[in-house]
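Presented below is the structure to which this report refers.
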There are 2 protein chains.
Amino acid sequence: MTDTTRPLVCHIPVCPFSQRLEILLALKGLPEAVDFHVVDITRPRPDWLLKRTGGTTAMPVLLLPDGGVIKESLVILRYLDEAFPEPPIARRDPYERAVERMLIAHEGSFTGCGYRFVMNRDPAARAGFVERMLGEYARLDAFLRRHNPDGTFLFDSFGLAEAVFTPMFMRFWFLDYYEGFDLPETEEYARVRRWRDACLAEPCARQVSREEIVKLYYDYALGCGNGALPEGRTVSSIAFKPHWAERPWPPRDKYGRAATDHELGLLVEDAGPDQ
Amino acid sequence: MTDTTRPLVCHIPVCPFSQRLEILLALKGLPEAVDFHVVDITRPRPDWLLKRTGGTTAMPVLLLPDGGVIKESLVILRYLDEAFPEPPIARRDPYERAVERMLIAHEGSFTGCGYRFVMNRDPAARAGFVERMLGEYARLDAFLRRHNPDGTFLFDSFGLAEAVFTPMFMRFWFLDYYEGFDLPETEEYARVRRWRDACLAEPCARQVSREEIVKLYYDYALGCGNGALPEGRTVSSIAFKPHWAERPWPPRDKYGRAATDHELGLLVEDAGPDQ
C-alpha cells in the first residue's frame, strides 16, 4: 500500500492497460508520481480495495489520496495527463486531439480481436481470426496513411495514441509465438508496420519483454484468461513464482497436447535455490 | 451545403448523436457556429460526401473548411467544445473531467440496450429487455448517488455528460409508447430519475419532441432501423414528408398487426394541401 500521499494504481499482473499508464508517466519523466500495486487475481479482491472502490472489481483502478476513485484505463490515462500537466502527452491543437481520439477509438476492437484470436481453441476458426486481425491492421494502416502518410508516428513523436496501442503490440507477441501470426511484410501494411515497429522500439515502453509475455500468457493460448487454470494444472502461467526468466519456453503448438506444470517450470521445487 | 467557411455536420434524420452537438452549441450560445446537413438515408451517400470522407459512410461526420474530417459523435463533441472554447462545457478540473468521462463511458451500452429493446420482435424476449434496461438505469443511479447524491445533474449544472445522455432519454420515449416501459417511480431509481427529468426539461435540448420521436421511430418498433422498409410498406416512418405533425399517432401495439402507409398518414395524397 506504500505512500498514501500519492495516487495508487491497482492492477492485475502484467496488465497491458496498466502499462499504458506507466508509459505515459515515463514519457512525462514522472515515473514516481504514482504507485503501482499488483492485485492477486487468483483470490477474491481484498476488503480494503472493495471498500475504496464501492464494490467494483474492475482493474486497473486509480485510488487518489483524497478518496477519489477512477476506473477505465483510458480515463485514468487522460486524468494523469491532465493532473500532471507538464509536459502534455495528448496533442494540444483541437483538430489534432480529434484525430488522436479517432485513432484511439479503434483500440477496443483491435485489442478484443487479438485476445479472442490467441484464446481460440478451434483450429477451423483460425483462418477467420487471421482475416479479422489483418482487417484491424488494415484499418490502422489506412488511418495513418490518411493523417500522416510519410511519418512514423501518428504525429511527430511517440504520444498518447502510441501509449494506448504499444502495450497491445507487445501482447500480440503471443500471436506470433502461438499462432505464427505477424503483420505481413508487404507494401499493403507498410505504414502500420512502420508505426508498430517504432512503438516497440520506444525506450519509455520497455516495461515488458517478449519472453515474459510469451511465458506468462501460455494459459491464454489454452483459452484460460485472467489466472483461470487449464485442466490438470495447479499453477497459472501468469504466476510470479517461479520467475518467468527461470522457466523454459512453452510449446508453440497451442492446439496439441497441453504442457504440464512441470514442463512449464511452474512448480516451486523445479526452480532454483533462491526461490 | 450552405456556407463553406463554417464547419458542416452531415447526419441522418433526427439523429440523436447529431442532437448532442446541437445541444452543446446551444449551451455555448453558438448555434450558428456549425451548419447541419441532413443526408437522405434511403439513397446511396452523395459523391461529394464520400470524396470528403475518404469513402466512409458513418454518420454524423464533421467536415471542416480546411478539409479536415472528424467522425464519432463523442469525438466531434469534444472537438467543438475545444475549438470554440468559451464557455467550456466539459468540466475543467482533472478529477471532475475523469468522473464525467466515467459516466459518459456508460452511454454505449445504455444506448444499445434501448435500441435493441424497441427493435425486438419476440414477445418472449421482452422480460429480458426490461431487466437489462432497468440494469442500465440502476448503474446510472448508483454512479450519480456515488458522485453527487444530493444534486440534480452530475455536477452543478447541465453539462457534457447531460449533452451525451439527453438525446437518448428523448429517444427512449419510444420505449414508453411502444413497450409501456418507463423508469419506475420507486426510491431505487430516484436519483437517475431526478437526473433524467431535469435533462428532459433543459431548454437547450428541445430539438425534438415526444410526438416526433414516437411517429418517426414507428418502423424501429417493427424491427426496421435506419430507413429500412417494413414488409408491405412503401414509405419509411422516418420520412420527412408528409410532415410528422400531420400524421396520426401510430398504433402502440408493436407485436400485433403492422399499420399500413395509409394508416400512418405516410402517403402524400393523404397529407394537407401545403404538401
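For the C-alpha cells, the naming scheme is as follows: chains receive sequential letters (A, B, ...) according to their order of presentation, residues are indexed from 1 within each chain, and ligands are indexed from 1 in presentation order.
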Using only C-alpha atoms, tabulate the residues of chain B lying at most 7 Å from any atom of chain A, each with its closest atom pair and that distance in Å to one decimal, by chain and increasing residue number, as JSON lines.
```
{"residue": "B:Ile70", "atom": "CA", "partner": "A:Ala98", "partner_atom": "CA", "distance": 6.8}
{"residue": "B:Val75", "atom": "CA", "partner": "A:Ala98", "partner_atom": "CA", "distance": 5.9}
{"residue": "B:Tyr79", "atom": "CA", "partner": "A:Pro94", "partner_atom": "CA", "distance": 5.7}
{"residue": "B:Glu82", "atom": "CA", "partner": "A:Pro94", "partner_atom": "CA", "distance": 5.7}
{"residue": "B:Ala83", "atom": "CA", "partner": "A:Pro94", "partner_atom": "CA", "distance": 5.7}
{"residue": "B:Pro94", "atom": "CA", "partner": "A:Ala83", "partner_atom": "CA", "distance": 5.7}
{"residue": "B:Tyr95", "atom": "CA", "partner": "A:Tyr79", "partner_atom": "CA", "distance": 6.7}
{"residue": "B:Ala98", "atom": "CA", "partner": "A:Val75", "partner_atom": "CA", "distance": 5.9}
{"residue": "B:Arg101", "atom": "CA", "partner": "A:Val75", "partner_atom": "CA", "distance": 6.5}
{"residue": "B:Met102", "atom": "CA", "partner": "A:Val75", "partner_atom": "CA", "distance": 6.9}
```
Could those selected residues go to a file with N, CA and C atoms, as a PDB file, in the first residue's frame?
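out-v2.pdb, written as the output of this step:
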```
ATOM      1  N   ILE B  70     -13.892  14.819 -39.159  1.00  0.00           N
ATOM      2  CA  ILE B  70     -13.927  14.195 -37.828  1.00  0.00           C
ATOM      3  C   ILE B  70     -15.167  13.325 -37.722  1.00  0.00           C
ATOM      4  N   VAL B  75     -16.264  12.275 -30.292  1.00  0.00           N
ATOM      5  CA  VAL B  75     -15.040  12.967 -30.708  1.00  0.00           C
ATOM      6  C   VAL B  75     -15.397  14.346 -31.264  1.00  0.00           C
ATOM      7  N   TYR B  79     -14.319  17.997 -29.846  1.00  0.00           N
ATOM      8  CA  TYR B  79     -13.681  18.947 -30.763  1.00  0.00           C
ATOM      9  C   TYR B  79     -14.382  20.295 -30.715  1.00  0.00           C
ATOM     10  N   GLU B  82     -13.657  22.208 -27.662  1.00  0.00           N
ATOM     11  CA  GLU B  82     -12.292  22.743 -27.588  1.00  0.00           C
ATOM     12  C   GLU B  82     -12.015  23.792 -28.657  1.00  0.00           C
ATOM     13  N   ALA B  83     -12.634  23.638 -29.822  1.00  0.00           N
ATOM     14  CA  ALA B  83     -12.380  24.583 -30.915  1.00  0.00           C
ATOM     15  C   ALA B  83     -13.116  25.906 -30.682  1.00  0.00           C
ATOM     16  N   PRO B  94      -9.265  18.253 -13.431  1.00  0.00           N
ATOM     17  CA  PRO B  94      -8.920  16.904 -13.925  1.00  0.00           C
ATOM     18  C   PRO B  94      -9.738  15.778 -13.292  1.00  0.00           C
ATOM     19  N   TYR B  95      -9.972  15.828 -11.987  1.00  0.00           N
ATOM     20  CA  TYR B  95     -10.745  14.745 -11.382  1.00  0.00           C
ATOM     21  C   TYR B  95     -12.199  14.788 -11.835  1.00  0.00           C
ATOM     22  N   ALA B  98     -12.502  13.351 -15.142  1.00  0.00           N
ATOM     23  CA  ALA B  98     -12.452  11.887 -15.101  1.00  0.00           C
ATOM     24  C   ALA B  98     -13.815  11.310 -14.718  1.00  0.00           C
ATOM     25  N   ARG B 101     -16.032  11.598 -17.648  1.00  0.00           N
ATOM     26  CA  ARG B 101     -15.704  10.577 -18.653  1.00  0.00           C
ATOM     27  C   ARG B 101     -16.210   9.197 -18.234  1.00  0.00           C
ATOM     28  N   MET B 102     -16.125   8.892 -16.939  1.00  0.00           N
ATOM     29  CA  MET B 102     -16.602   7.571 -16.499  1.00  0.00           C
ATOM     30  C   MET B 102     -18.098   7.427 -16.732  1.00  0.00           C
TER      31      MET B 102
END
```
> Quick one: residues within 6 Å of region 17-30 of chain A, only C-alpha atoms counted, chain neighbours fewer than 6 positions away excluded, as a ChimeraX atom specification?
Replying inline: /A:73,77,87,163-164,204-205
Could the residues in this selection be saved with N, CA, C and O atoms as a PDB file, in the first residue's frame?
```pdb
ATOM      1  N   SER A  73      -8.939   2.387 -18.128  1.00  0.00           N
ATOM      2  CA  SER A  73      -7.545   2.795 -18.370  1.00  0.00           C
ATOM      3  C   SER A  73      -7.465   4.082 -19.184  1.00  0.00           C
ATOM      4  O   SER A  73      -6.603   4.923 -18.920  1.00  0.00           O
ATOM      5  N   LEU A  77      -5.693   7.413 -17.934  1.00  0.00           N
ATOM      6  CA  LEU A  77      -4.623   7.972 -18.771  1.00  0.00           C
ATOM      7  C   LEU A  77      -4.820   9.472 -18.976  1.00  0.00           C
ATOM      8  O   LEU A  77      -3.895  10.271 -18.805  1.00  0.00           O
ATOM      9  N   PRO A  87       5.181  17.676 -19.182  1.00  0.00           N
ATOM     10  CA  PRO A  87       4.683  18.106 -20.481  1.00  0.00           C
ATOM     11  C   PRO A  87       3.406  17.360 -20.834  1.00  0.00           C
ATOM     12  O   PRO A  87       3.257  16.202 -20.448  1.00  0.00           O
ATOM     13  N   ALA A 163       0.935   5.456 -26.662  1.00  0.00           N
ATOM     14  CA  ALA A 163       0.882   4.889 -25.309  1.00  0.00           C
ATOM     15  C   ALA A 163      -0.287   3.917 -25.174  1.00  0.00           C
ATOM     16  O   ALA A 163      -0.217   2.940 -24.423  1.00  0.00           O
ATOM     17  N   VAL A 164      -1.369   4.171 -25.915  1.00  0.00           N
ATOM     18  CA  VAL A 164      -2.544   3.298 -25.863  1.00  0.00           C
ATOM     19  C   VAL A 164      -2.289   1.982 -26.600  1.00  0.00           C
ATOM     20  O   VAL A 164      -2.649   0.905 -26.112  1.00  0.00           O
ATOM     21  N   CYS A 204      10.649   4.406 -23.556  1.00  0.00           N
ATOM     22  CA  CYS A 204       9.719   4.585 -22.433  1.00  0.00           C
ATOM     23  C   CYS A 204       8.713   3.443 -22.315  1.00  0.00           C
ATOM     24  O   CYS A 204       7.863   3.455 -21.417  1.00  0.00           O
ATOM     25  N   ALA A 205       8.761   2.468 -23.230  1.00  0.00           N
ATOM     26  CA  ALA A 205       7.761   1.399 -23.238  1.00  0.00           C
ATOM     27  C   ALA A 205       8.413   0.032 -23.069  1.00  0.00           C
ATOM     28  O   ALA A 205       8.013  -0.942 -23.697  1.00  0.00           O
TER      29      ALA A 205
END
```
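Backbone DSSP of region 55-245 of chain B yields strand (DSSP E or B) at Val61, Leu62, Leu63, Val69, Ile70 and Lys71 of chain B.
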Since we have the selection now, will you write its residues out, keeping N, CA and C atoms, as a compact mmCIF listing (two decimals), in the first residue's frame?
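Ended up saving to result_28.txt:
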```txt
# COMPACT_ATOMS: atom_id res chain seq x y z
N VAL B 61 -20.75 13.09 -39.32
CA VAL B 61 -19.36 13.40 -39.65
C VAL B 61 -19.26 14.93 -39.72
N LEU B 62 -18.14 15.45 -39.24
CA LEU B 62 -17.91 16.90 -39.26
C LEU B 62 -16.89 17.21 -40.34
N LEU B 63 -17.29 18.06 -41.28
CA LEU B 63 -16.39 18.47 -42.36
C LEU B 63 -15.90 19.88 -42.06
N VAL B 69 -11.66 16.15 -41.48
CA VAL B 69 -12.87 15.35 -41.31
C VAL B 69 -12.82 14.69 -39.93
N ILE B 70 -13.89 14.82 -39.16
CA ILE B 70 -13.93 14.20 -37.83
C ILE B 70 -15.17 13.32 -37.72
N LYS B 71 -14.96 12.09 -37.27
CA LYS B 71 -16.07 11.15 -37.09
C LYS B 71 -16.24 10.82 -35.61
```
>> Can you tell me which residues surround Arg193 (chain B) at a distance of at most 9 Å, considering only C-alpha atoms, apart from same-chain residues fewer than 4 positions away, and format the answer as a VMD selection string?
In response: chain B and resid 137 141 183 to 185 189 197 to 198
Keeping N, CA and C atoms for every residue in the selection just given, could you write it to a file as a compact mmCIF listing (two decimals), in the first residue's frame?
```
# COMPACT_ATOMS: atom_id res chain seq x y z
N TYR B 137 -30.29 1.57 -16.01
CA TYR B 137 -30.69 2.71 -15.18
C TYR B 137 -30.12 2.57 -13.76
N ASP B 141 -27.93 5.22 -11.79
CA ASP B 141 -28.37 5.67 -10.46
C ASP B 141 -27.24 5.54 -9.44
N LEU B 183 -39.03 4.39 -16.62
CA LEU B 183 -38.29 4.27 -15.38
C LEU B 183 -39.29 4.20 -14.22
N PRO B 184 -39.22 3.16 -13.38
CA PRO B 184 -40.20 3.05 -12.28
C PRO B 184 -40.10 4.25 -11.33
N GLU B 185 -41.24 4.61 -10.77
CA GLU B 185 -41.25 5.75 -9.82
C GLU B 185 -40.98 5.25 -8.41
N TYR B 189 -34.76 4.05 -8.05
CA TYR B 189 -34.29 4.77 -9.24
C TYR B 189 -34.45 6.27 -9.08
N ASP B 197 -35.23 13.55 -15.61
CA ASP B 197 -36.29 14.54 -15.74
C ASP B 197 -35.73 15.95 -15.95
N ALA B 198 -34.65 16.26 -15.24
CA ALA B 198 -34.02 17.57 -15.40
C ALA B 198 -33.40 17.71 -16.79
```
> What is the distance between CA of Ala259 (chain B) and CA of Arg233 (chain B), in Å to one decimal?
Replying inline: 8.9 Å
>> Using only C-alpha atoms, can you tell me which of A:Gly180, A:Gly55, A:Pro16, A:Gly159 comes closest to Thr111 (chain A)?
In response: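 Looking only at the distances to Thr111 (chain A), the closest residue turns out to be A:Pro16.
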Please provide as an mmCIF file with all heavy atoms, in the first residue's frame all residues within 10 Å of Pro46 (chain B), with the sequence filter that same-chain residues fewer than 6 positions apart are discarded (counting only C-alpha atoms).
```
data_model
loop_
_atom_site.group_PDB
_atom_site.id
_atom_site.type_symbol
_atom_site.label_atom_id
_atom_site.label_comp_id
_atom_site.auth_asym_id
_atom_site.auth_seq_id
_atom_site.Cartn_x
_atom_site.Cartn_y
_atom_site.Cartn_z
ATOM 1 N N VAL B 39 -28.608 13.999 -44.423
ATOM 2 C CA VAL B 39 -28.318 13.109 -45.539
ATOM 3 C C VAL B 39 -29.483 12.134 -45.679
ATOM 4 O O VAL B 39 -29.945 11.553 -44.693
ATOM 5 C CB VAL B 39 -27.002 12.351 -45.276
ATOM 6 C CG1 VAL B 39 -26.762 11.295 -46.342
ATOM 7 C CG2 VAL B 39 -25.846 13.339 -45.199
ATOM 8 N N ASP B 40 -29.969 11.945 -46.901
ATOM 9 C CA ASP B 40 -31.076 11.019 -47.170
ATOM 10 C C ASP B 40 -30.565 9.586 -47.003
ATOM 11 O O ASP B 40 -29.733 9.118 -47.782
ATOM 12 C CB ASP B 40 -31.584 11.257 -48.597
ATOM 13 C CG ASP B 40 -32.818 10.408 -48.899
ATOM 14 O OD1 ASP B 40 -33.071 9.409 -48.181
ATOM 15 O OD2 ASP B 40 -33.539 10.745 -49.846
ATOM 16 N N THR B 57 -18.997 5.873 -44.700
ATOM 17 C CA THR B 57 -20.405 6.276 -44.743
ATOM 18 C C THR B 57 -20.958 6.549 -43.349
ATOM 19 O O THR B 57 -22.133 6.869 -43.198
ATOM 20 C CB THR B 57 -21.258 5.161 -45.392
ATOM 21 O OG1 THR B 57 -21.107 3.973 -44.609
ATOM 22 C CG2 THR B 57 -20.805 4.884 -46.806
#
```
>> Quick one: residues within 8 Å of Asp261 (chain B), only C-alpha atoms, excluding same-chain residues fewer than 6 positions away - as a PyMOL selection string?
In response: chain B and resi 233-235+267
>> Please compute the CA of Ile12 (chain A)-CA of Ala221 (chain A) distance, one decimal, in Å.
In response: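 Answer for the CA of Ile12 (chain A) to CA of Ala221 (chain A) separation: 18.1 Å.
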> Which residues come within 7 Å of Asp219 (chain B), counting only C-alpha atoms, excluding same-chain residues fewer than 5 positions away, as a ChimeraX atom specification?
Replying inline: /B:224-225,230,237
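Excluding Leu264 (chain A) itself and same-chain residues fewer than 2 positions from it, the residues having an atom within 8 Å of it are A:Ser237, A:Arg247, A:Pro248, A:Trp249, A:Pro250, A:Ala259, A:Thr260, A:Asp261, A:His262, A:Leu266, counting only C-alpha atoms.
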Kindly save the residues from that selection, with N, CA and C atoms included, as a compact mmCIF listing (two decimals), in the first residue's frame.
```
# COMPACT_ATOMS: atom_id res chain seq x y z
N SER A 237 0.09 -19.96 -15.51
CA SER A 237 1.30 -19.47 -16.20
C SER A 237 1.56 -18.01 -15.90
N ARG A 247 11.94 -20.13 -16.19
CA ARG A 247 11.13 -21.22 -16.77
C ARG A 247 11.54 -21.45 -18.23
N PRO A 248 11.30 -22.67 -18.74
CA PRO A 248 11.56 -22.91 -20.16
C PRO A 248 10.51 -22.22 -21.04
N TRP A 249 10.83 -22.02 -22.30
CA TRP A 249 9.82 -21.50 -23.22
C TRP A 249 8.72 -22.55 -23.38
N PRO A 250 7.45 -22.16 -23.37
CA PRO A 250 6.36 -23.13 -23.53
C PRO A 250 6.32 -23.68 -24.96
N ALA A 259 0.95 -28.52 -22.10
CA ALA A 259 2.09 -28.77 -21.23
C ALA A 259 1.64 -28.84 -19.78
N THR A 260 2.39 -29.59 -18.99
CA THR A 260 2.08 -29.74 -17.56
C THR A 260 2.75 -28.62 -16.75
N ASP A 261 2.34 -28.50 -15.50
CA ASP A 261 3.01 -27.58 -14.58
C ASP A 261 4.53 -27.80 -14.62
N HIS A 262 4.91 -29.08 -14.54
CA HIS A 262 6.33 -29.43 -14.50
C HIS A 262 7.05 -29.00 -15.78
N LEU A 266 6.66 -24.55 -13.59
CA LEU A 266 5.82 -23.76 -12.69
C LEU A 266 5.84 -24.27 -11.25
```
> How many Å lie between CA of Arg6 (chain A) and CA of Arg43 (chain A), rounded to one decimal?
Replying inline: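 Between CA of Arg6 (chain A) and CA of Arg43 (chain A) the gap works out to 25.7 Å.
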>> Going by DSSP on the backbone, which residues of region 16-261 of chain B come out as helix (DSSP H, G or I)? List them as a PyMOL selection string.
In response: chain B and resi 16-28+47-53+73-83+94-104+107-119+123-147+160-171+173-179+187-200+203-205+210-216+218-221+244-246
